[in-house]
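Scroll down for the structure; my scribbles are underneath it.
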Amino acid sequence: MIYGIILSVLILSVGVCFALSALSIYRSGSSSPYTPESISAHFSRFAPLVYVTLAVIVGGVILAWTVPRRDLVVRGSEDDPPDVIVERYRRGLYRPVKDPATVLKRLLARIDEEELSHACRASLAKERRVRRIVGISAAVLSAGAMVPAFVWCCNIDHFSINWLNEDIKTAALFVIPCAAVALGVLVGSTLLRQASVIRETALVKAAMAERRGKTALVQRDTTDRRDPMADPRVLWGVRAVILAVGILFVVLGVINGGMADVLGKAVRICTECIGLG
Amino acid sequence: MKKLKTWWLLHRPTKRRLIQLYAALLFNANLKGFKTGRIYQGPVKNICTPGLNCYSCPGAVGACPMGALQNALSDSGKTAPYYVLGILLLYGFLFGRWICGFLCPFGLVQDLLHKIKTPKVGKNRVTRVLSYFKYVVLVFFAVIFPLVYMGYGFPLPGFCKYICPAGTLEGAVGLLSNPENENMLGMLGPLFTWKFLLMVIFLVGSVFIYRFFCRFFCPLGALYGLFNKISLIGVKLDKGNCVDCGLCTGKCKMDIRHVGDHECIQCGECIDVCPTKAIQWKGPKILLAPQAIGGSIATKESANGAEEANTGLVGTPRKTRVARAVAWVLALALLGGALYYFNFAEGKDKTPSQDTSDTTETETSAEGETGEPLPPRGNGVGTLCVNTQLELYTGGDTFSVDENRGKVTVINFWGTWCGPCIAELPHFEQVAKDYADTVTVVAVHSNYRGNTAAEWISQNYPDTAILFAQDPDDGANGAYYTALGGEGDFPMTFVVDADGVLTFVCRGSVTHDELVAAVEEALAK
């Protein structure tokens, strides 16, 4: 743990030093700031830090190779029952992550909702309605948040060759807040929906506890029938179409010179295109 | 011996790691490029590598699919981007995001950095949502920006130019770290500083956050993820056997909701942890025994309490083992053949040569306008400019520097496929107009497709003061460009004084002020 913290501090420090050195060189005021001398002068200042970090990393690797590992559990024998295998993993680093929606789905598969009380069924319906509304609202809001960015970027008047980098920076400054809003809405809706699922799970568990012994458990089929790719005919049909279209496109691309374009671009370095500018 | 064997079985690289290293070496087999500082310019670059591997890496032997896509979209007004789209469809159909897990060199870099033993930032619901940001990068930087600038006839690979850390690490740093390319340092400025900062952020982030770039920013992963469900190779979940224990999603460090979704990089590490064997490989099992993929090994306690290592191969049929061995031998033969072909086979070196054209003159002329003896021919400042006859698109039939003695000559090497080249042409147009009596500006086009430049020039510069010329094709960058010391990077600008002596050489873009200053200096001599 201490080793990890020390190494984290070292790596972050090295990263910060690299970043600050690059900024310092760029801001030196010269028209061609990056020269062998300036690079050497700036980066040699924190070279000892880099060497120390590398030494700590290499030392950690050597220690890892020589000290027996305790985290490598762990399948046990092929004959062990699954619960033993699962238990071995639970003692290890891997905490199982159960998607609350999946847990709820499994619970719902074990009950007949018709036999629940009216109040319970109303509560479940309310939670599902809440989730549906939140989901649709989030989808609409997040799409709506990206529309201004789309519209702005599709207006060619916002872009020019003469001020290329400035125009792209402006576009990015417009797109990123829109994306941030959209992602924020999605994060919020995810949390709200998850809370609703957890509430519904609690309701179902309470209902199951109440009716324990009174209702036979019903094992339903929980496979996701909404997934069209679960049908092999659909899956192979889609695969065949994509394969055919892919091959056709490649052939057309060879004919219309697209392949030659790829070669021509790949053998000449457009310096700014790789960040040399 | 037993301890050594146990140690080896505990610490040996997994098959996945070996495949990643193999792929990284195969896609960067031009090892001599790291020594010479030149990129590979042979025909194999017709083919796109599956993963993010910048074409400007000195070792790269194929084109990058994301760079090729952006350039194809930039050119889609004239040429439909069938080839690149077809390649991406085929890669997606065959591999999906298995490419990310096994074949992407930059993914390997991130995996190795993540192995550094620091506290890690785990995944959660928020990172799951943030993983959708890479679709924003794909749509805006890789698709919309190139298409928007297509309207200007200006190729702009938005993702490559402003974001891609693979290009900075493999291309920029890869080229600049070679002393042969020291003169490239002069072209570095704000763009490089921005990309270098981004690269540092991505690399440092990868130490703490698993696949930091892949999860949140990589547009190629975003694209391949759409094919995960239909790809031929990868992992699949047998829902009938699945008991929803959640161990697979717990083990997985990507933001998956279930195995095989669009976030899954098909690494197969979940196969080991599934207690009901509900997760299986879709692909050929001869190479990829599930037991050996994830890195964990089966151990069992023997009667005396000591642990014995089980190779995980117990029970594998002999036929499978033989087929596996044959496959590995073939793979190694392919790699060996590639290393030999790209590094030792004759005729593949596209290193620029001074003697590439019969019309290029390299002998020394006697005296200049002032009567002083002229320096020898060369391509550096202070040398007599190498001369050749260039065919013109505009302004006449042919042009040569020697025939233009008495006037300053500005030679700019450019291409319609090069955005920065197009962006700086207005500076040359302005200089050509402002110094019409004393300066001749020649823009020499390096092209690989015949008439593209003529059409582009007639559309964009119909009444131009610039002489547009075509560089004779030498199968590489152009004969005159090569004779003047060009090494594949564009644009390049030379200023030649009235005596034919080079006074200014600039690699990369040149500003209007720099150009005017160079012209004034040449005029003063």
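Residues are referred to by chain and number: the chain letter is A, B, ... according to the order shown in the structure tokens, the number counts from 1 in that chain, and ligands are numbered separately from 1 in the order shown.
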Counting only C-alpha atoms, give me one row per residue of segment 92-186 of chain A with an atom at most 9 Å from an atom of segment 233-244 of chain B, showing the shortest contact pair and its distance in Å to one decimal, sorted by chain then residue number, as CSV.
residue,atom,partner,partner_atom,distance
A:Lys98,CA,B:Asp244,CA,7.2
A:Asp99,CA,B:Asp244,CA,8.6
A:Thr102,CA,B:Asp244,CA,7.3
A:Val103,CA,B:Asp244,CA,7.8
A:Arg106,CA,B:Asp244,CA,8.6
Quick one: write out the picked residues with C-alpha atoms as a PDB file, in the first residue's frame?
ATOM      1  CA  LYS A  98     -24.605  -7.845  -9.541  1.00  0.00           C
ATOM      2  CA  ASP A  99     -26.482  -5.528 -11.770  1.00  0.00           C
ATOM      3  CA  THR A 102     -30.621  -8.392 -13.228  1.00  0.00           C
ATOM      4  CA  VAL A 103     -31.257  -9.166  -9.566  1.00  0.00           C
ATOM      5  CA  ARG A 106     -34.480 -12.890 -11.370  1.00  0.00           C
TER       6      ARG A 106
END
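Atom CA of Ala23 of chain B is found 9.6 Å from atom CA of Leu108 of chain B.
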Next on the checklist: My list of candidates is B:Lys117, B:Lys525, B:Lys433, B:His512. Which is closest to Met1 of chain A when distances are computed with only C-alpha atoms?
Outcome noted: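 For Met1 of chain A, the nearest of the candidates is B:Lys117.
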Checklist outcome for this item: Residue with the minimum atom-to-atom distance to chain A, picked from B:Thr440, B:Ser231, B:Gln470, B:Thr394 with only C-alpha atoms counted, is B:Ser231
Checklist entry - Excluding same-chain residues fewer than 3 positions from Ile198 of chain A, what lies within 9 Å of it counting only C-alpha atoms, as a list in words? => result Pro100, Ala101, Leu104, Arg193, Gln194, Ala195, Thr201, Ala202 and Leu203 of chain A
Keeping N, CA and C atoms for every residue in the selection just given, could you write it to a file as an mmCIF file, in the first residue's frame?
data_model
loop_
_atom_site.group_PDB
_atom_site.id
_atom_site.type_symbol
_atom_site.label_atom_id
_atom_site.label_comp_id
_atom_site.auth_asym_id
_atom_site.auth_seq_id
_atom_site.Cartn_x
_atom_site.Cartn_y
_atom_site.Cartn_z
ATOM 1 N N PRO A 100 -28.226 -4.468 -10.419
ATOM 2 C CA PRO A 100 -29.523 -4.480 -9.713
ATOM 3 C C PRO A 100 -30.684 -4.849 -10.618
ATOM 4 N N ALA A 101 -30.599 -4.455 -11.866
ATOM 5 C CA ALA A 101 -31.697 -4.783 -12.779
ATOM 6 C C ALA A 101 -31.778 -6.291 -12.994
ATOM 7 N N LEU A 104 -33.297 -7.910 -9.898
ATOM 8 C CA LEU A 104 -34.744 -7.701 -9.904
ATOM 9 C C LEU A 104 -35.422 -8.632 -10.892
ATOM 10 N N ARG A 193 -32.667 5.854 -11.948
ATOM 11 C CA ARG A 193 -33.257 4.573 -12.332
ATOM 12 C C ARG A 193 -32.759 3.461 -11.432
ATOM 13 N N GLN A 194 -31.493 3.543 -11.064
ATOM 14 C CA GLN A 194 -30.930 2.502 -10.200
ATOM 15 C C GLN A 194 -31.606 2.561 -8.828
ATOM 16 N N ALA A 195 -31.811 3.771 -8.332
ATOM 17 C CA ALA A 195 -32.507 3.909 -7.048
ATOM 18 C C ALA A 195 -33.911 3.333 -7.133
ATOM 19 N N THR A 201 -36.900 -3.651 -5.968
ATOM 20 C CA THR A 201 -36.358 -4.914 -5.459
ATOM 21 C C THR A 201 -36.775 -5.119 -4.005
ATOM 22 N N ALA A 202 -36.674 -4.044 -3.229
ATOM 23 C CA ALA A 202 -37.065 -4.135 -1.818
ATOM 24 C C ALA A 202 -38.549 -4.475 -1.692
ATOM 25 N N LEU A 203 -39.362 -3.867 -2.538
ATOM 26 C CA LEU A 203 -40.802 -4.149 -2.516
ATOM 27 C C LEU A 203 -41.067 -5.612 -2.842
#
